[in-house]
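The block underneath contains the structure these notes are about, expressed in structure tokens.
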Amino acid sequence: MSAAEVEEVARRALEQADADLNALTRPLFDASLAHEPEGPLGGVPFVIKDSGPFAQGVPFTIGSRSINGAYAAVDHDLMVRFRAAGLAALGQSTAPEFGLSFATESVRYGPTRNPWDLERGVGGSSGGSAALVAAGAVPIAHANDAGGSIRVPASSCGLVGLKPSLGRTPCGPLAGEVAFGQLVEFAVTRTVRDTALLLDAVCAPTVGDKYQAPQPARSYAELIHTDPGRLRVALTTSAWTGATVDAQVAEATVTVGQVLEWIGHTVTESRVDVDGEAVVEAAMLTAVTTGGAVLRGAPRRPDASLLEAVSRRVLAETEAFTALDVMNAMEAQNRVTRPVGRLFQEYDLLVTPTLAQLPARHGTLNYHDPRHSVRSWLGRIFEYGPFTATFNVSGNPAISLPLGRSHEGLPIGVQLVAAHGREDLLLQVAAQLEQAAPWKDRQPPAYVG
């Protein structure tokens, strides 16, 4: 098929999927954004996330009624890489307001629905991207992750969601680091192969990057066909925050451990010694960075009446945050990073659930609830997804794989984590699991592919 034929089919698929899922912020672009047709992914249909200045000239809202007429003056460095790889961006996917939720249900756009069950959510914050990939409308979609925003939607929608190591993908040119190093840009896909191909296309550092992850000896697309050897794997189904884990989620995670043992790895149930309160404290840096970006980037303070309740608290608490508060949050980062680093001196991989619960019904995580402070909101979403944000704080690579299914047929994601810079191990083991327990032929009820 020609690229033009593929684009025509993808446009029909996106419009059909959006009618069911409400996953696009606006009509499709009149033409795909400029890209290199001879790139390694030349002509592959793609969508970008409504998460801030990303593609030059494309308006964004970050899911908020308070942001209108804003657009990116220059391409994000990762968008430059996406264009060079040949990805043909056709539209923009939904995200919760300011990206600070594990539910993509903004007041501005309404709830994005899960193709596995339209009464349930898609996770957040890269929820629109995950919904469209899961529904078969596009094979790859832009996503980013400051606390789980790639992995949580991947788990909710039955996808592969890799959060790369800190420094693996670029964050410039307008920032040296985002959220004090906790936010990483990448994508969601349906297969390990596609994740590896895309990572190869975008992972080189750019000039002036503050953090740079070590480059692999070979391409990831080659490495996924290489046996990683017998690995030491730690497994836990207990959340270090003390959050309750659904029995079906725990069972799916234990089953993955059994499959890993069958493959030949050594699996040990092990407690993860991380201070859950320190994770919440460190995550405050993500919230105040978001609030600071909104306050500094706007010509005037956003109209509070157009903000959702937690966003109002984010802006108020950002203005009240002091240098000592920032130092305390950075010290909390350190209290998380040290035990995580020690864990990977003893083990090669960690296996956990991605979420503690099955995909939530709409309204379960209410970002517009005025009773929340920023800390109480973070505590609430980390009850639902307690396993992901720790590795944003520590900078480790982590991947959610669609390895479980509930009795109702809902996807259950299982998270694999490795030492900093070891995406090679994650993808090699992910490829082994994909072969042992394949998922690519599973199709949700709302599937247009």
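The chains in the structure tokens are called A, B, ... from first to last as shown; in each chain the residues are counted from 1, and the ligands are counted from 1 in the order shown.
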- Task: Find the residues around stretch 187-203 of chain A up to 8 Å (only C-alpha atoms counted), leave out those fewer than 5 positions away in its own chain, and share them as a count of residues only.
- Result: 34
So which bits of stretch 48-215 of chain A end up strand (DSSP E) when you DSSP the backbone, as a PDB file with C-alpha atoms, in the first residue's frame?
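What follows is the written file part.pdb:
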```pdb
ATOM      1  CA  ILE A  48       0.310  13.481  19.299  1.00  0.00           C
ATOM      2  CA  LYS A  49      -0.861  14.081  22.844  1.00  0.00           C
ATOM      3  CA  ALA A  88       2.576  10.834   9.932  1.00  0.00           C
ATOM      4  CA  ALA A  89       0.756  12.724  12.701  1.00  0.00           C
ATOM      5  CA  LEU A  90      -2.950  12.982  11.850  1.00  0.00           C
ATOM      6  CA  GLY A  91      -4.507  14.336  15.042  1.00  0.00           C
ATOM      7  CA  GLN A  92      -4.236  15.216  18.705  1.00  0.00           C
ATOM      8  CA  SER A  93      -5.292  12.915  21.565  1.00  0.00           C
ATOM      9  CA  GLU A 105     -11.887  12.805  31.984  1.00  0.00           C
ATOM     10  CA  SER A 106     -11.403  16.569  31.690  1.00  0.00           C
ATOM     11  CA  GLY A 110     -15.423  14.880  28.773  1.00  0.00           C
ATOM     12  CA  PRO A 111     -14.434  11.286  29.537  1.00  0.00           C
ATOM     13  CA  ILE A 140       1.740   4.052  17.690  1.00  0.00           C
ATOM     14  CA  ALA A 141       0.824   7.234  19.576  1.00  0.00           C
ATOM     15  CA  HIS A 142       2.783   9.869  21.465  1.00  0.00           C
ATOM     16  CA  ALA A 143       2.657   9.642  25.252  1.00  0.00           C
ATOM     17  CA  ASN A 144       4.639  10.950  28.202  1.00  0.00           C
ATOM     18  CA  ASP A 145       5.030   9.911  31.807  1.00  0.00           C
ATOM     19  CA  VAL A 160       2.842  -2.008  25.631  1.00  0.00           C
ATOM     20  CA  GLY A 161       3.872   1.111  27.518  1.00  0.00           C
ATOM     21  CA  LEU A 162       7.578   1.833  28.033  1.00  0.00           C
ATOM     22  CA  LYS A 163       8.722   4.680  30.257  1.00  0.00           C
ATOM     23  CA  VAL A 184       9.974  11.318  30.208  1.00  0.00           C
ATOM     24  CA  GLU A 185       8.575  11.435  26.656  1.00  0.00           C
ATOM     25  CA  PHE A 186       7.865   8.417  24.453  1.00  0.00           C
ATOM     26  CA  ALA A 187       4.799   6.506  23.153  1.00  0.00           C
ATOM     27  CA  VAL A 188       2.374   3.587  23.496  1.00  0.00           C
ATOM     28  CA  THR A 189       2.270   0.659  21.047  1.00  0.00           C
TER      29      THR A 189
END
```
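If you measure from each of A:Arg371, A:Val279, A:Asp30, A:Val314 to A:Glu331 using only C-alpha atoms, the closest one turns out to be A:Val279.
Once A:Leu223 and its same-chain neighbours fewer than 5 positions away are set aside, Ala196, Arg218, Pro228, Asp424, Leu425, Leu427 and Gln428 of chain A remain within 9 Å of it when counting only C-alpha atoms.
The two atoms in question, atom CA of A:Ile381 and atom CA of A:Ala103, are spaced 8.9 Å apart.
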